[in-house]
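Participant: So here's data_38.txt, just compact mmCIF, C-alpha atoms:
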# COMPACT_ATOMS: atom_id res chain seq x y z
CA MET A 1 -58.68 -28.76 136.71
CA ILE A 2 -55.21 -30.05 137.54
CA GLU A 3 -53.20 -27.62 139.61
CA SER A 4 -49.86 -26.18 138.42
CA GLN A 5 -47.14 -28.63 137.42
CA ILE A 6 -44.73 -26.97 139.86
CA ARG A 7 -43.79 -29.94 142.04
CA PHE A 8 -41.92 -28.37 144.91
CA SER A 9 -43.08 -27.89 148.49
CA LEU A 10 -43.84 -24.18 148.12
CA LEU A 11 -47.07 -25.14 146.34
CA ARG A 12 -48.02 -27.59 149.12
CA ASN A 13 -48.69 -25.27 152.05
CA VAL A 14 -49.57 -21.68 152.87
CA LEU A 15 -46.26 -20.49 151.43
CA ALA A 16 -47.25 -22.24 148.23
CA VAL A 17 -50.43 -20.21 147.92
CA SER A 18 -48.59 -16.92 148.53
CA VAL A 19 -45.21 -17.47 146.82
CA ALA A 20 -45.93 -14.98 144.07
CA LEU A 21 -46.90 -12.36 146.62
CA LEU A 22 -43.74 -13.10 148.61
CA VAL A 23 -41.65 -12.52 145.50
CA LEU A 24 -43.43 -9.26 144.83
CA SER A 25 -43.33 -7.98 148.40
CA VAL A 26 -39.61 -8.63 148.75
CA SER A 27 -38.53 -7.27 145.39
CA CYS A 28 -40.70 -4.15 145.58
CA SER A 29 -39.82 -3.09 149.14
CA THR A 30 -36.57 -2.05 150.78
CA ALA A 31 -37.80 -3.42 154.11
CA ALA A 32 -38.39 -7.12 153.55
CA PRO A 33 -41.03 -8.78 155.76
CA ALA A 34 -39.84 -11.07 158.50
CA GLN A 35 -42.04 -13.88 157.22
CA ALA A 36 -44.19 -14.81 154.24
CA PRO A 37 -47.34 -12.69 154.04
CA GLU A 38 -50.72 -14.15 154.77
CA PRO A 39 -52.42 -15.59 151.69
CA THR A 40 -54.71 -13.20 149.90
CA THR A 41 -56.85 -13.20 146.80
CA GLU A 42 -55.89 -9.65 145.84
CA SER A 43 -52.86 -8.52 143.89
CA THR A 44 -52.28 -5.52 141.70
CA GLU A 45 -49.54 -7.35 139.80
CA GLY A 46 -51.47 -10.41 138.67
CA PRO A 47 -53.91 -13.08 139.80
CA SER A 48 -53.21 -14.87 143.06
CA PRO A 49 -53.00 -18.66 142.92
CA LEU A 50 -56.14 -18.66 145.06
CA GLU A 51 -58.05 -17.12 142.16
CA GLN A 52 -57.08 -19.79 139.67
CA ALA A 53 -59.64 -22.39 140.80
CA PRO A 54 -63.21 -21.96 142.05
CA GLN A 55 -63.89 -22.69 145.69
CA ALA A 56 -64.85 -26.30 146.37
CA THR A 57 -68.52 -27.10 146.84
CA PHE A 58 -70.14 -29.68 149.12
CA ALA A 59 -73.51 -31.37 148.91
CA ILE A 60 -75.18 -34.27 150.69
CA ALA A 61 -77.26 -36.79 148.77
CA GLY A 62 -78.60 -39.44 151.11
CA SER A 63 -75.60 -41.09 152.76
CA THR A 64 -73.13 -39.58 150.27
CA VAL A 65 -71.30 -36.28 150.58
CA VAL A 66 -70.23 -34.90 147.21
CA VAL A 67 -67.03 -32.82 147.09
CA GLU A 68 -66.35 -30.88 143.92
CA GLY A 69 -63.33 -28.63 143.47
CA ASP A 70 -59.89 -27.93 144.87
CA MET A 71 -58.80 -27.59 148.49
CA ASP A 72 -58.06 -24.05 149.61
CA ILE A 73 -57.57 -22.53 153.06
CA GLY A 74 -60.73 -23.22 155.07
CA PHE A 75 -61.79 -26.18 152.90
CA TYR A 76 -62.00 -28.61 155.81
CA GLU A 77 -63.95 -26.25 158.07
CA ARG A 78 -66.51 -25.71 155.32
CA PHE A 79 -66.77 -29.47 154.88
CA LEU A 80 -67.42 -29.93 158.60
CA ALA A 81 -70.12 -27.26 158.51
CA VAL A 82 -71.95 -29.21 155.80
CA VAL A 83 -71.80 -32.62 157.52
CA ARG A 84 -72.24 -31.40 161.10
CA GLY A 85 -74.92 -33.41 162.87
CA ARG A 86 -74.98 -36.01 160.08
CA GLU A 87 -71.53 -37.51 160.54
CA ASP A 88 -72.88 -40.94 161.44
CA GLU A 89 -75.11 -41.00 158.35
CA ILE A 90 -72.28 -40.50 155.85
CA THR A 91 -70.96 -43.73 154.35
CA THR A 92 -69.50 -42.45 151.08
CA LEU A 93 -67.55 -39.45 149.86
CA ARG A 94 -67.77 -38.79 146.13
CA VAL A 95 -64.96 -36.53 144.95
CA ASN A 96 -63.76 -34.68 141.88
CA SER A 97 -60.72 -32.58 142.82
CA GLY A 98 -57.38 -31.46 141.41
CA GLY A 99 -55.87 -31.28 144.91
CA GLY A 100 -54.81 -28.21 146.83
CA VAL A 101 -53.52 -27.28 150.27
CA THR A 102 -52.03 -30.35 151.92
CA ASP A 103 -53.08 -29.56 155.49
CA GLU A 104 -56.69 -29.34 154.37
CA GLY A 105 -56.46 -32.63 152.48
CA ARG A 106 -54.93 -34.46 155.43
CA LYS A 107 -57.63 -33.20 157.78
CA LEU A 108 -60.33 -34.56 155.50
CA GLY A 109 -58.35 -37.80 155.09
CA GLU A 110 -58.26 -38.20 158.87
CA TRP A 111 -62.03 -37.68 159.00
CA ILE A 112 -62.62 -40.24 156.24
CA PHE A 113 -60.41 -42.82 157.94
CA GLU A 114 -61.88 -42.29 161.40
CA HIS A 115 -65.46 -42.54 160.09
CA ASN A 116 -64.77 -45.61 157.87
CA VAL A 117 -66.07 -43.81 154.80
CA ASP A 118 -65.84 -45.17 151.26
CA VAL A 119 -64.37 -42.92 148.55
CA VAL A 120 -65.66 -42.72 144.98
CA VAL A 121 -63.62 -40.84 142.37
CA ASP A 122 -65.87 -39.18 139.81
CA GLY A 123 -63.54 -37.54 137.31
CA LEU A 124 -60.25 -36.62 138.94
CA CYS A 125 -58.56 -37.15 142.28
CA PHE A 126 -55.12 -35.60 141.96
CA SER A 127 -52.25 -34.46 144.18
CA SER A 128 -53.50 -33.84 147.75
CA CYS A 129 -56.74 -35.61 146.89
CA ALA A 130 -54.86 -38.75 145.86
CA ASN A 131 -52.37 -38.48 148.74
CA TYR A 132 -54.82 -38.13 151.59
CA ILE A 133 -58.46 -38.53 150.54
CA PHE A 134 -58.32 -41.50 148.18
CA THR A 135 -55.81 -43.41 150.29
CA ALA A 136 -57.90 -42.93 153.46
CA GLY A 137 -61.06 -44.49 152.06
CA ARG A 138 -62.26 -47.81 153.44
CA ASN A 139 -63.33 -48.98 149.98
CA LYS A 140 -62.18 -47.00 146.95
CA THR A 141 -64.03 -46.91 143.64
CA ILE A 142 -62.74 -45.21 140.48
CA LEU A 143 -65.62 -44.56 138.09
CA ALA A 144 -65.30 -45.17 134.35
CA GLY A 145 -62.99 -42.67 132.67
CA SER A 146 -61.84 -41.25 136.01
CA ILE A 147 -58.29 -41.20 137.29
CA VAL A 148 -56.26 -40.93 140.48
CA GLY A 149 -52.95 -39.12 140.08
CA TRP A 150 -49.96 -38.45 142.30
CA HIS A 151 -47.23 -35.86 141.77
CA SER A 152 -46.03 -34.46 145.08
CA SER A 153 -45.47 -35.01 148.79
CA GLU A 154 -44.20 -33.14 151.81
CA GLN A 155 -41.29 -35.60 151.65
CA GLN A 156 -40.31 -35.25 148.01
CA ASP A 157 -37.68 -32.51 148.26
CA GLU A 158 -34.95 -34.78 149.58
CA HIS A 159 -35.50 -37.15 146.66
CA ILE A 160 -35.45 -34.38 144.07
CA ALA A 161 -32.40 -32.70 145.59
CA ARG A 162 -30.56 -36.04 145.75
CA GLY A 163 -31.41 -36.76 142.12
CA LEU A 164 -30.08 -33.37 141.06
CA GLY A 165 -26.99 -33.63 143.30
CA ILE A 166 -27.81 -30.48 145.26
CA SER A 167 -29.07 -29.58 148.75
CA VAL A 168 -32.72 -29.01 149.59
CA ALA A 169 -31.86 -25.36 150.27
CA GLU A 170 -30.43 -24.99 146.75
CA LEU A 171 -33.50 -26.70 145.32
CA LEU A 172 -35.75 -24.17 147.04
CA ALA A 173 -33.53 -21.28 145.96
CA ARG A 174 -33.87 -22.41 142.35
CA GLU A 175 -37.63 -22.59 142.73
CA TYR A 176 -37.73 -19.08 144.16
CA ASP A 177 -35.76 -17.80 141.19
CA ARG A 178 -37.96 -19.66 138.73
CA SER A 179 -41.14 -18.39 140.35
CA ALA A 180 -39.81 -14.83 140.36
CA ALA A 181 -39.02 -15.09 136.65
CA GLU A 182 -42.52 -16.40 135.91
CA TRP A 183 -43.97 -13.34 137.61
CA GLY A 184 -41.66 -11.01 135.69
CA GLU A 185 -39.66 -10.04 138.78
CA THR A 186 -35.91 -9.91 139.38
CA PRO A 187 -34.94 -12.43 142.10
CA SER A 188 -33.89 -10.71 145.32
CA PRO A 189 -31.01 -12.23 147.35
CA GLU A 190 -32.74 -11.25 150.57
CA GLY A 191 -36.08 -12.54 149.35
CA ARG A 192 -34.48 -15.79 148.26
CA LYS A 193 -32.86 -16.21 151.67
CA GLN A 194 -36.06 -15.49 153.56
CA PHE A 195 -38.09 -17.78 151.34
CA VAL A 196 -35.68 -20.70 151.74
CA GLN A 197 -35.50 -20.20 155.51
CA ALA A 198 -39.29 -19.99 155.80
CA VAL A 199 -39.86 -23.19 153.86
CA LEU A 200 -37.07 -25.07 155.63
CA SER A 201 -38.46 -24.06 159.02
CA SER A 202 -41.95 -25.28 158.13
CA ARG A 203 -40.93 -28.55 156.48
CA PRO A 204 -40.15 -30.70 159.58
CA THR A 205 -43.67 -30.25 160.93
CA ALA A 206 -45.29 -30.89 157.56
CA VAL A 207 -43.16 -33.98 156.94
CA ALA A 208 -43.88 -35.38 160.41
CA GLU A 209 -47.61 -34.81 160.03
CA GLU A 210 -47.71 -36.45 156.62
CA GLN A 211 -45.67 -39.46 157.75
CA ALA A 212 -47.83 -39.92 160.85
CA PHE A 213 -50.95 -39.84 158.67
CA LEU A 214 -49.56 -42.39 156.21
CA GLU A 215 -48.49 -44.73 158.99
CA LYS A 216 -51.95 -44.45 160.53
CA ILE A 217 -53.69 -45.52 157.32
CA GLY A 218 -51.00 -48.05 156.39
CA VAL A 219 -49.80 -46.48 153.11
CA SER A 220 -46.17 -46.15 151.98
CA VAL A 221 -44.88 -42.70 151.11
CA ASP A 222 -43.21 -44.26 148.06
CA ALA A 223 -46.53 -43.98 146.20
CA LEU A 224 -46.46 -40.22 146.74
CA VAL A 225 -42.85 -39.74 145.62
CA TYR A 226 -42.51 -42.56 143.09
CA GLY A 227 -41.58 -40.34 140.15
CA PHE A 228 -38.64 -38.93 142.12
CA LEU A 229 -37.13 -42.25 143.19
CA PRO A 230 -33.83 -43.21 141.51
CA ASP A 231 -35.23 -45.65 138.93
CA GLN A 232 -37.77 -43.11 137.63
CA PHE A 233 -36.02 -39.82 138.28
CA GLU A 234 -34.41 -39.21 134.89
CA ASP A 235 -37.38 -40.38 132.84
CA TYR A 236 -40.03 -38.63 134.91
CA TYR A 237 -38.52 -35.58 136.55
CA VAL A 238 -35.82 -34.65 134.06
CA ASN A 239 -37.17 -35.83 130.72
CA ALA A 240 -40.96 -36.16 131.03
CA PRO A 241 -42.99 -34.41 128.30
CA ALA A 242 -44.34 -31.00 129.28
CA HIS A 243 -47.95 -32.20 129.25
CA ILE A 244 -47.31 -34.78 131.98
CA ASP A 245 -48.55 -33.60 135.37
CA GLY A 246 -48.23 -36.76 137.43
CA TRP A 247 -48.53 -40.52 137.57
CA THR A 248 -50.87 -43.31 138.50
CA PHE A 249 -50.59 -47.05 139.13
CA SER A 250 -52.57 -50.13 138.20
CA ILE A 251 -54.94 -51.31 140.89
CA GLU A 252 -52.60 -54.23 141.58
CA ASP A 253 -49.63 -51.92 142.00
CA MET A 254 -51.59 -49.60 144.27
CA ALA A 255 -51.98 -52.54 146.64
CA SER A 256 -48.20 -52.92 146.83
CA PHE A 257 -48.09 -49.51 148.56
CA GLY A 258 -50.89 -50.39 150.97
CA ILE A 259 -53.61 -48.71 148.90
CA ALA A 260 -56.07 -51.59 149.09
CA ASN A 261 -59.75 -52.28 148.36
CA VAL A 262 -59.68 -50.41 145.04
CA THR A 263 -62.23 -51.13 142.29
CA TYR A 264 -62.41 -49.72 138.78
CA ALA A 265 -66.04 -49.33 137.67
CA GLY A 266 -65.29 -49.07 133.97
CA GLU A 267 -64.75 -51.37 131.03
CA GLY A 268 -61.26 -52.74 130.48
CA ASP A 269 -58.27 -52.02 132.65
CA TYR A 270 -57.59 -48.97 134.75
CA PRO A 271 -56.56 -46.39 133.73
CA SER A 272 -58.23 -45.85 130.38
CA GLU A 273 -56.08 -44.40 127.62
CA ARG A 274 -58.52 -41.50 127.27
CA ALA A 275 -58.23 -40.64 130.94
CA LYS A 276 -54.42 -40.71 130.85
CA THR A 277 -54.40 -38.38 127.86
CA GLU A 278 -57.07 -36.04 129.20
CA TYR A 279 -55.45 -35.62 132.60
CA GLY A 280 -51.77 -35.77 131.60
CA VAL A 281 -50.94 -38.75 133.81
CA ILE A 282 -48.51 -41.54 133.02
CA LEU A 283 -48.85 -45.12 134.23
CA PHE A 284 -45.92 -46.43 136.27
CA ARG A 285 -45.39 -50.17 136.42
CA VAL A 286 -44.02 -51.25 139.80
CA PRO A 287 -41.47 -54.12 139.65
In structure tokens, how does this file's structure come out?
Facilitator:
Amino acid sequence: MIESQIRFSLLRNVLAVSVALLVLSVSCSTAAPAQAPEPTTESTEGPSPLEQAPQATFAIAGSTVVVEGDMDIGFYERFLAVVRGREDEITTLRVNSGGGVTDEGRKLGEWIFEHNVDVVVDGLCFSSCANYIFTAGRNKTILAGSIVGWHSSEQQDEHIARGLGISVAELLAREYDRSAAEWGETPSPEGRKQFVQAVLSSRPTAVAEEQAFLEKIGVSVDALVYGFLPDQFEDYYVNAPAHIDGWTFSIEDMASFGIANVTYAGEGDYPSERAKTEYGVILFRVP
């Protein structure tokens, strides 16, 4: 299941998982917390984002480790527990995932790259899965009817803010207000301030870690932020239909970003029209 269409950085780290709880804790208390609360799966006001997708499962079949589900806190440690002692036997990772917590995705991407593992997409590889798992694979295979989709990056906020003609801080403030409204809460000035400061303080580390990872595997960040670049910004970010959650590229265009050794194991060209419709992904053509 594709994760929420919210494209801002608060859904790409621990703050992302707990933003609704931050809104609630600030607006319902006269003493605002000094920092965002730890993520939790319990809330009396509504379901936590952590409850919206089942925990990922892992299985080993011969030399293949099968990963099914989205990446939550602890995802990578659970993966390591499954492959421990068999690391040298694993040659392929077969994945079906809508994405999830970026730190967890990058850790698995590092493992895939360091162990020269092939990646097979069986269904969906979206968001953090596309950013860090698919790109890290030695050889990458997209099975028939499957799709790889991008829609976010640790580095996207500058592009979005520039396109809107505002600062990153204002962009985050708007997202706080929008998230508060979605949860039926009145935005709190103090909560807004704390939220913006918390995200801004965490961003440099996240951006540096993402960029270091991409440089290590030889992939351009432009693939991860393509919909927010000037030539696509109005059509994708401002005017895209509501059912569109992200984008993909042809196999040839993937190579232009350094995403090489990709094979589509289906009939016709990638992506199939059915897959684009089913997963809400548009195809960008790269000049």
Participant: With a distance cut-off of 9 Å and only C-alpha atoms, select the neighbouring residues of Arg203 of chain A, excluding the residue or stretch itself and same-chain residues fewer than 3 positions from it, and output the selection as a count of residues only.
Facilitator: 9
Participant: Between A:Val281, A:Val82, A:Ile259, A:Ala180, single out the one closest to Gly246 of chain A, counting all atoms listed in the file.
Facilitator: A:Val281
Participant: Take the point (-72.5, -31.0, 149.8) as written in the file and pick out every residue within 6 Å of it, counting only C-alpha atoms; give the list as a list in words.
Facilitator: Phe58, Ala59, Ile60, Val65 and Val66 of chain A
Participant: Atom CA of Phe113 of chain A and atom CA of Val83 of chain A, how far apart in Å?
Facilitator: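 Between atom CA of Val83 of chain A and atom CA of Phe113 of chain A the gap is 15.3 Å.
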Participant: For the atom pair atom CA of Ile142 of chain A and atom CA of His159 of chain A, what is the interatomic distance in Å to one decimal place?
Facilitator: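 Answer for the atom CA of Ile142 of chain A to atom CA of His159 of chain A separation: 29.1 Å.
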Participant: Set the distance at 12 Å and use all atoms listed in the file: which residues neighbour Gln211 of chain A once local chain neighbours fewer than 5 positions away are removed? I'd like the list as a JSON list (two decimals) with C-alpha atoms, in the coordinates of the input.
Facilitator:
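That gives us out-v1.json:
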[["chain", "number", "residue", "atom", "x", "y", "z"],
["A", 106, "ARG", "CA", -54.93, -34.46, 155.43],
["A", 131, "ASN", "CA", -52.37, -38.48, 148.74],
["A", 132, "TYR", "CA", -54.82, -38.13, 151.59],
["A", 153, "SER", "CA", -45.47, -35.01, 148.79],
["A", 154, "GLU", "CA", -44.20, -33.14, 151.81],
["A", 155, "GLN", "CA", -41.29, -35.60, 151.65],
["A", 156, "GLN", "CA", -40.31, -35.25, 148.01],
["A", 203, "ARG", "CA", -40.93, -28.55, 156.48],
["A", 204, "PRO", "CA", -40.15, -30.70, 159.58],
["A", 205, "THR", "CA", -43.67, -30.25, 160.93],
["A", 206, "ALA", "CA", -45.29, -30.89, 157.56],
["A", 216, "LYS", "CA", -51.95, -44.45, 160.53],
["A", 217, "ILE", "CA", -53.69, -45.52, 157.32],
["A", 218, "GLY", "CA", -51.00, -48.05, 156.39],
["A", 219, "VAL", "CA", -49.80, -46.48, 153.11],
["A", 220, "SER", "CA", -46.17, -46.15, 151.98],
["A", 221, "VAL", "CA", -44.88, -42.70, 151.11],
["A", 222, "ASP", "CA", -43.21, -44.26, 148.06],
["A", 224, "LEU", "CA", -46.46, -40.22, 146.74]]
Participant: Measure the distance from atom CA of Tyr76 of chain A to atom CA of Ile133 of chain A in Å and round it to one decimal.
Facilitator: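 Interatomic distance, atom CA of Tyr76 of chain A to atom CA of Ile133 of chain A: 11.8 Å.
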Participant: With a distance cut-off of 6 Å and all atoms listed in the file, select the neighbouring residues of segment 262-279 of chain A, excluding the residue or stretch itself and same-chain residues fewer than 2 positions from it, and output the selection as a VMD selection string.
Facilitator: chain A and resid 140 to 145 260 281
Participant: Name the closest residue to Ala255 of chain A among the candidates A:Ile282, A:Ala223, A:Leu229, A:Ala181; distances are taken between atoms, counting all atoms listed in the file.
Facilitator: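 Using all atoms listed in the file, Ala255 of chain A sits closest to A:Ala223.
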Participant: Would you please work out which residue, of A:Leu172, A:Arg84, A:Gly163, A:Gly149, is nearest to Pro230 of chain A when using only C-alpha atoms?
Facilitator: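 Of A:Leu172, A:Arg84, A:Gly163, A:Gly149, the one nearest Pro230 of chain A, counting only C-alpha atoms, is A:Gly163.
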Participant: For Val95 of chain A, which residue among A:Glu77, A:Asp70, A:Glu114, A:Glu190 is the nearest when counting only C-alpha atoms?
Facilitator: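 Comparing A:Glu77, A:Asp70, A:Glu114, A:Glu190 against Val95 of chain A, the winner is A:Asp70.
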Participant: Which polymer residues have any atom within 7 Å of an atom of Ser128 of chain A, counting all atoms listed in the file, with same-chain residues fewer than 2 positions away left out, as a list in words?
Facilitator: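 Once the adjacent positions are removed, what remains is Gly99, Gly100, Thr102, Gly105, Phe126, Ala130, Asn131 and Tyr132 of chain A.
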Participant: How big is the axis-aligned box around all listed atoms of segment 144-163 of chain A once 5 Å goes on each side, and where's its centre, in Å to one decimal, as JSON?
Facilitator:
{"center_x": -47.9, "center_y": -38.8, "center_z": 142.2, "size_x": 44.7, "size_y": 22.7, "size_z": 29.1}
Participant: May I ask which of the residues A:Ala173, A:Ile166, A:Val120, A:Ala56 is the closest one to Arg78 of chain A, counting all atoms listed in the file?
Facilitator: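 Between A:Ala173, A:Ile166, A:Val120, A:Ala56, the residue approaching Arg78 of chain A most closely is A:Ala56.
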Participant: Of the candidates A:Leu214, A:Gly227, A:Pro189, A:Trp183, which shows the shortest atom-to-atom distance to Asn239 of chain A, using all atoms listed in the file?
Facilitator: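 Once distances to Asn239 of chain A are computed over all atoms listed in the file, the minimum belongs to A:Gly227.
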